[in-house]
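Structure file run.cif (mmCIF, C-alpha atoms and all ligand atoms) is printed below.
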```
data_final
loop_
_atom_site.group_PDB
_atom_site.id
_atom_site.type_symbol
_atom_site.label_atom_id
_atom_site.label_comp_id
_atom_site.auth_asym_id
_atom_site.auth_seq_id
_atom_site.Cartn_x
_atom_site.Cartn_y
_atom_site.Cartn_z
ATOM 1 C CA MET H 1 4.326 -8.308 19.106
ATOM 2 C CA THR H 2 3.370 -4.668 19.444
ATOM 3 C CA GLN H 3 1.150 -3.199 16.792
ATOM 4 C CA PRO H 4 3.209 -1.055 14.383
ATOM 5 C CA LYS H 5 2.110 2.529 14.007
ATOM 6 C CA PRO H 6 -0.361 3.176 11.202
ATOM 7 C CA LEU H 7 0.988 3.685 7.684
ATOM 8 C CA ILE H 8 -0.444 6.041 5.090
ATOM 9 C CA ALA H 9 1.093 5.387 1.684
ATOM 10 C CA GLY H 10 0.496 7.364 -1.495
ATOM 11 C CA ASN H 11 0.441 5.554 -4.846
ATOM 12 C CA TRP H 12 1.053 7.944 -7.725
ATOM 13 C CA LYS H 13 0.540 5.208 -10.355
ATOM 14 C CA MET H 14 1.638 6.411 -13.834
ATOM 15 C CA ASN H 15 1.421 10.064 -12.887
ATOM 16 C CA GLY H 16 4.000 12.719 -12.152
ATOM 17 C CA LEU H 17 6.696 14.629 -13.995
ATOM 18 C CA ARG H 18 9.753 16.261 -12.485
ATOM 19 C CA ALA H 19 7.801 19.472 -11.900
ATOM 20 C CA ASP H 20 5.561 17.482 -9.560
ATOM 21 C CA LEU H 21 8.459 16.878 -7.168
ATOM 22 C CA ALA H 22 7.294 20.200 -5.708
ATOM 23 C CA GLU H 23 4.271 18.315 -4.329
ATOM 24 C CA ILE H 24 6.571 15.837 -2.609
ATOM 25 C CA ALA H 25 8.628 18.709 -1.191
ATOM 26 C CA ALA H 26 5.441 20.301 0.124
ATOM 27 C CA MET H 27 4.399 16.989 1.708
ATOM 28 C CA ALA H 28 7.778 16.669 3.424
ATOM 29 C CA GLU H 29 7.452 20.132 4.845
ATOM 30 C CA ARG H 30 3.872 19.741 6.020
ATOM 31 C CA VAL H 31 4.155 16.229 7.469
ATOM 32 C CA GLY H 32 7.241 17.330 9.382
ATOM 33 C CA ALA H 33 8.279 15.123 12.265
ATOM 34 C CA SER H 34 5.283 12.774 12.213
ATOM 35 C CA ARG H 35 5.626 10.481 15.208
ATOM 36 C CA ASP H 36 2.207 8.847 15.384
ATOM 37 C CA VAL H 37 1.711 7.904 11.757
ATOM 38 C CA ALA H 38 4.238 6.497 9.280
ATOM 39 C CA VAL H 39 3.974 8.091 5.845
ATOM 40 C CA ALA H 40 5.266 6.853 2.492
ATOM 41 C CA ILE H 41 4.995 8.116 -1.064
ATOM 42 C CA CYS H 42 5.389 5.877 -4.103
ATOM 43 C CA PRO H 43 6.096 7.905 -7.252
ATOM 44 C CA PRO H 44 6.870 6.376 -10.661
ATOM 45 C CA PHE H 45 10.355 4.922 -11.185
ATOM 46 C CA THR H 46 11.518 8.026 -13.058
ATOM 47 C CA LEU H 47 11.089 10.264 -10.003
ATOM 48 C CA ILE H 48 12.458 7.958 -7.324
ATOM 49 C CA ALA H 49 16.081 9.123 -7.278
ATOM 50 C CA GLU H 50 15.149 12.806 -7.190
ATOM 51 C CA ALA H 51 12.348 12.207 -4.685
ATOM 52 C CA ALA H 52 14.919 10.533 -2.426
ATOM 53 C CA GLN H 53 16.906 13.760 -2.415
ATOM 54 C CA VAL H 54 13.798 15.807 -1.688
ATOM 55 C CA LEU H 55 12.840 13.512 1.225
ATOM 56 C CA ALA H 56 16.365 13.093 2.656
ATOM 57 C CA GLY H 57 16.469 13.686 6.390
ATOM 58 C CA GLY H 58 12.685 13.807 6.726
ATOM 59 C CA THR H 59 10.128 11.342 8.004
ATOM 60 C CA ILE H 60 8.325 10.455 4.746
ATOM 61 C CA ALA H 61 9.605 7.152 3.378
ATOM 62 C CA LEU H 62 9.937 6.434 -0.308
ATOM 63 C CA GLY H 63 8.376 3.483 -2.089
ATOM 64 C CA ALA H 64 8.040 2.060 -5.589
ATOM 65 C CA GLN H 65 5.027 0.524 -7.323
ATOM 66 C CA ASP H 66 6.530 -2.737 -8.581
ATOM 67 C CA CYS H 67 9.785 -4.669 -8.741
ATOM 68 C CA SER H 68 11.139 -7.732 -10.491
ATOM 69 C CA ALA H 69 11.146 -11.109 -8.789
ATOM 70 C CA LEU H 70 14.691 -11.549 -10.120
ATOM 71 C CA ALA H 71 17.895 -10.122 -8.720
ATOM 72 C CA HIS H 72 19.651 -8.815 -11.860
ATOM 73 C CA GLY H 73 20.604 -9.736 -15.388
ATOM 74 C CA ALA H 74 19.133 -9.840 -18.878
ATOM 75 C CA HIS H 75 15.582 -8.667 -18.136
ATOM 76 C CA THR H 76 14.974 -5.686 -20.380
ATOM 77 C CA GLY H 77 12.687 -3.093 -18.881
ATOM 78 C CA ASP H 78 12.599 -4.594 -15.394
ATOM 79 C CA VAL H 79 13.790 -2.981 -12.174
ATOM 80 C CA SER H 80 15.127 -5.053 -9.289
ATOM 81 C CA ALA H 81 14.351 -4.628 -5.612
ATOM 82 C CA THR H 82 18.051 -4.010 -4.945
ATOM 83 C CA MET H 83 18.035 -1.131 -7.447
ATOM 84 C CA LEU H 84 15.061 0.403 -5.669
ATOM 85 C CA ARG H 85 16.713 0.038 -2.269
ATOM 86 C CA ASP H 86 19.871 1.573 -3.702
ATOM 87 C CA ALA H 87 17.826 4.514 -5.017
ATOM 88 C CA GLY H 88 16.409 5.169 -1.546
ATOM 89 C CA CYS H 89 13.184 3.130 -1.386
ATOM 90 C CA ARG H 90 11.953 1.467 1.792
ATOM 91 C CA PHE H 91 8.653 0.105 0.470
ATOM 92 C CA VAL H 92 7.345 -1.455 -2.723
ATOM 93 C CA ILE H 93 3.700 -1.930 -3.702
ATOM 94 C CA LEU H 94 3.194 -5.372 -5.257
ATOM 95 C CA GLY H 95 0.268 -7.128 -6.890
ATOM 96 C CA HIS H 96 -1.855 -4.019 -7.330
ATOM 97 C CA SER H 97 -5.075 -4.981 -9.121
ATOM 98 C CA GLU H 98 -4.046 -2.809 -12.071
ATOM 99 C CA ARG H 99 -0.969 -5.022 -12.478
ATOM 100 C CA ARG H 100 -2.931 -8.208 -11.843
ATOM 101 C CA GLN H 101 -5.339 -7.119 -14.606
ATOM 102 C CA SER H 102 -3.197 -5.417 -17.219
ATOM 103 C CA HIS H 103 0.012 -7.430 -16.760
ATOM 104 C CA GLY H 104 -1.540 -10.761 -15.855
ATOM 105 C CA GLU H 105 0.312 -10.916 -12.548
ATOM 106 C CA ALA H 106 -0.693 -14.002 -10.579
ATOM 107 C CA ASP H 107 -0.338 -14.721 -6.871
ATOM 108 C CA ALA H 108 2.787 -16.878 -7.231
ATOM 109 C CA LEU H 109 4.665 -14.152 -9.112
ATOM 110 C CA ILE H 110 3.553 -11.541 -6.580
ATOM 111 C CA GLN H 111 4.834 -13.696 -3.739
ATOM 112 C CA ALA H 112 8.160 -14.164 -5.560
ATOM 113 C CA LYS H 113 8.418 -10.389 -5.965
ATOM 114 C CA ALA H 114 7.627 -9.904 -2.278
ATOM 115 C CA ARG H 115 10.421 -12.298 -1.327
ATOM 116 C CA ALA H 116 12.822 -10.473 -3.623
ATOM 117 C CA ALA H 117 11.797 -7.215 -1.969
ATOM 118 C CA GLN H 118 12.395 -8.612 1.511
ATOM 119 C CA ALA H 119 15.805 -9.930 0.464
ATOM 120 C CA ALA H 120 16.711 -6.384 -0.618
ATOM 121 C CA ASP H 121 15.482 -4.903 2.688
ATOM 122 C CA LEU H 122 12.359 -3.390 1.132
ATOM 123 C CA ALA H 123 9.020 -3.813 2.892
ATOM 124 C CA PRO H 124 6.451 -5.219 0.449
ATOM 125 C CA ILE H 125 2.899 -3.845 0.418
ATOM 126 C CA VAL H 126 0.965 -6.712 -1.153
ATOM 127 C CA CYS H 127 -2.436 -5.768 -2.586
ATOM 128 C CA VAL H 128 -5.493 -8.007 -2.504
ATOM 129 C CA GLY H 129 -9.131 -7.302 -3.293
ATOM 130 C CA GLU H 130 -12.274 -8.683 -4.841
ATOM 131 C CA SER H 131 -13.980 -7.608 -8.074
ATOM 132 C CA LEU H 132 -17.552 -6.325 -8.079
ATOM 133 C CA ALA H 133 -18.802 -9.650 -9.475
ATOM 134 C CA GLN H 134 -17.034 -11.517 -6.670
ATOM 135 C CA ARG H 135 -18.459 -9.122 -4.078
ATOM 136 C CA GLU H 136 -21.975 -9.543 -5.475
ATOM 137 C CA ALA H 137 -21.583 -13.337 -5.459
ATOM 138 C CA GLY H 138 -20.743 -13.210 -1.747
ATOM 139 C CA LEU H 139 -17.161 -14.269 -2.353
ATOM 140 C CA ALA H 140 -15.269 -11.219 -1.059
ATOM 141 C CA ALA H 141 -13.931 -12.777 2.155
ATOM 142 C CA ARG H 142 -12.922 -15.957 0.366
ATOM 143 C CA VAL H 143 -11.172 -14.106 -2.445
ATOM 144 C CA VAL H 144 -9.102 -11.855 -0.182
ATOM 145 C CA ARG H 145 -8.239 -14.777 2.063
ATOM 146 C CA GLU H 146 -7.041 -16.890 -0.864
ATOM 147 C CA GLN H 147 -5.110 -14.007 -2.403
ATOM 148 C CA ALA H 148 -3.415 -13.262 0.921
ATOM 149 C CA LEU H 149 -2.483 -16.902 1.472
ATOM 150 C CA ALA H 150 -1.063 -17.233 -2.044
ATOM 151 C CA SER H 151 0.623 -13.867 -2.578
ATOM 152 C CA ALA H 152 2.006 -12.901 0.841
ATOM 153 C CA PRO H 153 5.244 -14.415 2.156
ATOM 154 C CA ALA H 154 4.823 -16.526 5.302
ATOM 155 C CA ALA H 155 7.533 -14.610 7.184
ATOM 156 C CA GLY H 156 9.401 -11.326 7.087
ATOM 157 C CA SER H 157 8.352 -7.722 6.798
ATOM 158 C CA LEU H 158 4.986 -7.211 5.137
ATOM 159 C CA ALA H 159 1.955 -4.988 4.810
ATOM 160 C CA ILE H 160 -1.230 -6.016 3.040
ATOM 161 C CA ALA H 161 -3.447 -3.490 1.266
ATOM 162 C CA TYR H 162 -7.101 -4.468 1.013
ATOM 163 C CA GLU H 163 -8.249 -2.750 -2.163
ATOM 164 C CA PRO H 164 -11.652 -3.799 -3.522
ATOM 165 C CA VAL H 165 -11.178 -3.496 -7.289
ATOM 166 C CA TRP H 166 -14.534 -1.765 -7.701
ATOM 167 C CA ALA H 167 -13.612 0.922 -5.162
ATOM 168 C CA ILE H 168 -10.380 1.990 -6.869
ATOM 169 C CA GLY H 169 -10.698 5.369 -8.559
ATOM 170 C CA SER H 170 -14.496 5.037 -8.582
ATOM 171 C CA GLY H 171 -15.485 7.215 -5.647
ATOM 172 C CA LEU H 172 -17.241 4.163 -4.171
ATOM 173 C CA THR H 173 -16.194 2.682 -0.845
ATOM 174 C CA PRO H 174 -17.381 -0.457 0.939
ATOM 175 C CA SER H 175 -19.535 -0.197 4.049
ATOM 176 C CA ASP H 176 -17.819 -0.181 7.426
ATOM 177 C CA GLU H 177 -18.936 -3.779 7.968
ATOM 178 C CA GLU H 178 -17.506 -4.856 4.622
ATOM 179 C CA ILE H 179 -14.131 -3.251 5.373
ATOM 180 C CA VAL H 180 -13.962 -4.750 8.871
ATOM 181 C CA ALA H 181 -14.956 -8.199 7.559
ATOM 182 C CA ALA H 182 -12.360 -8.158 4.769
ATOM 183 C CA HIS H 183 -9.602 -7.019 7.121
ATOM 184 C CA GLY H 184 -10.657 -9.755 9.540
ATOM 185 C CA ALA H 185 -10.476 -12.396 6.805
ATOM 186 C CA ILE H 186 -6.989 -11.204 5.838
ATOM 187 C CA ARG H 187 -5.861 -11.165 9.476
ATOM 188 C CA GLU H 188 -7.104 -14.745 9.876
ATOM 189 C CA ALA H 189 -5.188 -15.834 6.796
ATOM 190 C CA LEU H 190 -2.053 -14.184 8.179
ATOM 191 C CA ALA H 191 -2.573 -15.912 11.522
ATOM 192 C CA GLU H 192 -2.725 -19.265 9.740
ATOM 193 C CA MET H 193 0.535 -18.488 8.001
ATOM 194 C CA ARG H 194 2.457 -16.772 10.774
ATOM 195 C CA GLY H 195 0.650 -17.472 14.041
ATOM 196 C CA SER H 196 -1.670 -14.911 15.596
ATOM 197 C CA GLU H 197 0.990 -12.952 17.461
ATOM 198 C CA ALA H 198 3.107 -12.347 14.375
ATOM 199 C CA ALA H 199 -0.017 -11.692 12.282
ATOM 200 C CA ALA H 200 -0.968 -8.886 14.664
ATOM 201 C CA GLY H 201 2.264 -7.125 13.714
ATOM 202 C CA VAL H 202 1.382 -6.969 10.014
ATOM 203 C CA ARG H 203 -0.282 -3.748 8.911
ATOM 204 C CA ILE H 204 -3.455 -4.190 6.890
ATOM 205 C CA LEU H 205 -4.157 -0.999 4.943
ATOM 206 C CA TYR H 206 -7.410 -0.040 3.270
ATOM 207 C CA GLY H 207 -7.261 1.353 -0.279
ATOM 208 C CA GLY H 208 -9.893 2.498 -2.756
ATOM 209 C CA SER H 209 -11.253 6.049 -3.064
ATOM 210 C CA VAL H 210 -9.714 7.239 0.214
ATOM 211 C CA LYS H 211 -10.158 11.033 0.341
ATOM 212 C CA PRO H 212 -9.794 13.699 3.023
ATOM 213 C CA ALA H 213 -13.580 13.530 3.551
ATOM 214 C CA ASN H 214 -13.735 9.801 4.375
ATOM 215 C CA ALA H 215 -10.210 8.967 5.566
ATOM 216 C CA ALA H 216 -10.523 9.705 9.276
ATOM 217 C CA HIS H 217 -13.595 7.496 9.526
ATOM 218 C CA ILE H 218 -12.128 4.589 7.546
ATOM 219 C CA LEU H 219 -8.862 4.828 9.481
ATOM 220 C CA SER H 220 -10.748 4.597 12.781
ATOM 221 C CA LEU H 221 -12.351 1.237 11.915
ATOM 222 C CA PRO H 222 -11.124 -1.774 13.899
ATOM 223 C CA GLY H 223 -8.394 -3.710 12.125
ATOM 224 C CA VAL H 224 -7.539 -0.880 9.715
ATOM 225 C CA ASN H 225 -3.846 -0.060 10.184
ATOM 226 C CA GLY H 226 -3.539 2.637 7.557
ATOM 227 C CA ALA H 227 -4.407 3.496 3.983
ATOM 228 C CA LEU H 228 -3.114 3.171 0.440
ATOM 229 C CA VAL H 229 -4.158 6.347 -1.325
ATOM 230 C CA GLY H 230 -4.187 6.782 -5.102
ATOM 231 C CA GLY H 231 -5.714 9.900 -6.663
ATOM 232 C CA ALA H 232 -5.788 11.874 -3.414
ATOM 233 C CA SER H 233 -2.028 11.396 -2.945
ATOM 234 C CA LEU H 234 -1.090 13.445 -6.024
ATOM 235 C CA LYS H 235 -1.535 16.796 -4.324
ATOM 236 C CA ALA H 236 0.168 17.673 -1.059
ATOM 237 C CA GLY H 237 -2.957 19.402 0.258
ATOM 238 C CA ASP H 238 -5.200 16.339 -0.015
ATOM 239 C CA PHE H 239 -2.575 13.828 1.034
ATOM 240 C CA CYS H 240 -1.494 15.813 4.085
ATOM 241 C CA ALA H 241 -5.130 16.373 5.062
ATOM 242 C CA ILE H 242 -5.509 12.573 5.141
ATOM 243 C CA VAL H 243 -2.358 12.190 7.237
ATOM 244 C CA ASP H 244 -3.317 15.028 9.587
ATOM 245 C CA GLY H 245 -6.829 13.639 9.982
ATOM 246 C CA HIS H 246 -5.651 10.242 11.207
ATOM 247 C CA PRO H 247 -7.180 9.574 14.613
ATOM 248 C CA ALA H 248 -3.736 8.765 16.081
ATOM 249 C CA ARG H 249 -2.443 12.141 14.930
ATOM 250 C CA ARG H 250 -5.355 14.140 16.278
ATOM 251 C CA ARG H 251 -5.127 12.791 19.805
HETATM 252 P P1 LIG A 301 -7.644 5.532 -5.472
HETATM 253 O O1 LIG A 301 -6.558 4.384 -5.751
HETATM 254 O O2 LIG A 301 -7.348 6.088 -4.108
HETATM 255 O O3 LIG A 301 -7.434 6.535 -6.571
HETATM 256 O O4 LIG A 301 -8.984 4.866 -5.527
HETATM 257 C C1 LIG A 301 -6.093 3.548 -4.729
HETATM 258 C C2 LIG A 301 -5.112 2.551 -5.276
HETATM 259 O O5 LIG A 301 -5.339 2.039 -6.385
HETATM 260 O O6 LIG A 301 -4.095 2.255 -4.642
#
```
Output the file's structure in the form of structure tokens.
Ligand code: PGA
Amino acid sequence: MTQPKPLIAGNWKMNGLRADLAEIAAMAERVGASRDVAVAICPPFTLIAEAAQVLAGGTIALGAQDCSALAHGAHTGDVSATMLRDAGCRFVILGHSERRQSHGEADALIQAKARAAQAADLAPIVCVGESLAQREAGLAARVVREQALASAPAAGSLAIAYEPVWAIGSGLTPSDEEIVAAHGAIREALAEMRGSEAAAGVRILYGGSVKPANAAHILSLPGVNGALVGGASLKAGDFCAIVDGHPARRR
């Protein structure tokens, strides 16, 4: 299987009002006809329908930050994968550590959500990552491996985001060796599930304090197939600087 082109996805988390659609419009204009790097932006649910209009006809794909594991019905407050696809999404972030922590989401639920996403023709971006205590106990590789095995579907479209919990929003990033080792552990887990050829076709993104200043370096590390960007995706200037700085784009 050929390696898919790198993906840079922006995660707006619980940020953004309608006035901020101007940032998405600016991103669409500046990213233009990106051929070397796939780009996605994941605003909150409330902006998805309007963002789809802003992005129509362009190359930036739209994503959401969560979906239900269920198809439809009496589930007050939930949003199904089919609804997101209908609203124009192509991607959905699942199992972000903020949801694992504050909503008690466990691996089995995350995998069920990922399957629901696939069934609705949405590509899941499943997040895994160790806490600082796990990192300090030498458990990082084991934790990400176990999370990947338990939360990622064994077939179908998929990206994994390696996001060390302690690196998210903190300004801290792991060393190059730590990133390469974690991506390697995830790739091995995927190979066990899917076989090594199919595993090579799954993008493994790095996330956690990716900024214009460090993105090009992180994105050049072996086994890093893109980035999941939080805070630096809120402004078109920063986000587009990360996209433009990708080694594949600068060739
Ligand atoms: P950050 O967030 O880039 O603000 O650290 C990344 C994420 O949580 O996806």
Which residues fall under the PyMOL selection byres (((chain H and resi 132-149) around 6) and not hetatm) in this file, as a ChimeraX atom specification?
/H:128-131,150-152,166,182,185-186,189
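Among the candidates H:Gly237, H:Gly171, H:Gly230, H:Gly57, the residue lying nearest to ligand LIG 301 (chain A) is H:Gly230 (atoms considered: only C-alpha atoms and all ligand atoms).
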Applying 9 Å and all atoms listed in the file, which residues near stretch 206-208 of chain H remain after dropping the ones on its own chain fewer than 5 positions away? List them as a PyMOL selection string.
chain H and resi 127+160-174+179+183+218-219+224-230
With C-alpha atoms kept, could you save the residues just selected as a PDB file, in the frame of the given file?
```pdb
ATOM      1  CA  CYS H 127      -2.436  -5.768  -2.586  1.00  0.00           C
ATOM      2  CA  ILE H 160      -1.230  -6.016   3.040  1.00  0.00           C
ATOM      3  CA  ALA H 161      -3.447  -3.490   1.266  1.00  0.00           C
ATOM      4  CA  TYR H 162      -7.101  -4.468   1.013  1.00  0.00           C
ATOM      5  CA  GLU H 163      -8.249  -2.750  -2.163  1.00  0.00           C
ATOM      6  CA  PRO H 164     -11.652  -3.799  -3.522  1.00  0.00           C
ATOM      7  CA  VAL H 165     -11.178  -3.496  -7.289  1.00  0.00           C
ATOM      8  CA  TRP H 166     -14.534  -1.765  -7.701  1.00  0.00           C
ATOM      9  CA  ALA H 167     -13.612   0.922  -5.162  1.00  0.00           C
ATOM     10  CA  ILE H 168     -10.380   1.990  -6.869  1.00  0.00           C
ATOM     11  CA  GLY H 169     -10.698   5.369  -8.559  1.00  0.00           C
ATOM     12  CA  SER H 170     -14.496   5.037  -8.582  1.00  0.00           C
ATOM     13  CA  GLY H 171     -15.485   7.215  -5.647  1.00  0.00           C
ATOM     14  CA  LEU H 172     -17.241   4.163  -4.171  1.00  0.00           C
ATOM     15  CA  THR H 173     -16.194   2.682  -0.845  1.00  0.00           C
ATOM     16  CA  PRO H 174     -17.381  -0.457   0.939  1.00  0.00           C
ATOM     17  CA  ILE H 179     -14.131  -3.251   5.373  1.00  0.00           C
ATOM     18  CA  HIS H 183      -9.602  -7.019   7.121  1.00  0.00           C
ATOM     19  CA  ILE H 218     -12.128   4.589   7.546  1.00  0.00           C
ATOM     20  CA  LEU H 219      -8.862   4.828   9.481  1.00  0.00           C
ATOM     21  CA  VAL H 224      -7.539  -0.880   9.715  1.00  0.00           C
ATOM     22  CA  ASN H 225      -3.846  -0.060  10.184  1.00  0.00           C
ATOM     23  CA  GLY H 226      -3.539   2.637   7.557  1.00  0.00           C
ATOM     24  CA  ALA H 227      -4.407   3.496   3.983  1.00  0.00           C
ATOM     25  CA  LEU H 228      -3.114   3.171   0.440  1.00  0.00           C
ATOM     26  CA  VAL H 229      -4.158   6.347  -1.325  1.00  0.00           C
ATOM     27  CA  GLY H 230      -4.187   6.782  -5.102  1.00  0.00           C
TER      28      GLY H 230
END
```
Excluding same-chain residues fewer than 4 positions from H:Ala69, what lies within 9 Å of it counting only C-alpha atoms, as a PyMOL selection string?
chain H and resi 80-81+109-117
Can you turn the PyMOL selection byres (((chain H and resi 233) around 12) and not hetatm) into a concrete residue list for this file, as a PyMOL selection string?
chain H and resi 8-13+15-16+20+23-24+27+39-43+169+207-212+227-232+234-243
Within 8 Å of H:Ala159, counting only C-alpha atoms, which residues show up once you throw out same-chain ones fewer than 6 positions away? Write them as a list in words, please.
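Contacts, in chain order: Ala123, Pro124, Ile125, Val126, Val202, Arg203, Ile204 and Leu205 of chain H.
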Axis-aligned box for stretch 168-180 of chain H, 6 Å per side, centre and edges in Å as JSON:
```
{"center_x": -15.0, "center_y": 1.2, "center_z": 0.1, "size_x": 21.2, "size_y": 24.1, "size_z": 29.5}
```
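The smallest atom-to-atom distance between ligand LIG 301 (chain A) and any of H:Gly32, H:Pro4, H:Gly245, H:Gly95, using only C-alpha atoms and all ligand atoms, is found for H:Gly95.
We find atom CA of H:Ala38 and atom CA of H:Ala200 to be spaced 17.1 Å apart.
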For ligand LIG 301 (chain A), which residue among H:Val79, H:Ile93, H:Ala155, H:Leu7 is the nearest when counting all atoms listed in the file?
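When distances to ligand LIG 301 (chain A) are compared using all atoms listed in the file, the smallest one comes from H:Ile93.
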One number please: atom CA of H:Glu177 to atom CA of H:Ala198, in Å, one decimal.
24.5 Å
Once the PyMOL selection byres (((chain H and resi 48) around 10) and not hetatm) has been evaluated on this model, what residues remain selected, and can you format them as a ChimeraX atom specification?
/H:21,41-47,49-54,62-64,84,87-89
Kindly give the distance, in Å, that separates atom CA of H:Ala25 and atom CA of H:Leu55, rounded to a single decimal.
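The value is 7.1 Å.
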H:Asn214, H:Ser196, H:Ser34, H:Thr76: which is nearest ligand LIG 301 (chain A), counting all atoms listed in the file?
H:Asn214
Choose the residue, out of H:Leu158, H:Met193, H:Gln65, H:Thr82, that has the smallest atom-to-atom separation from ligand LIG 301 (chain A); count all atoms listed in the file.
H:Gln65
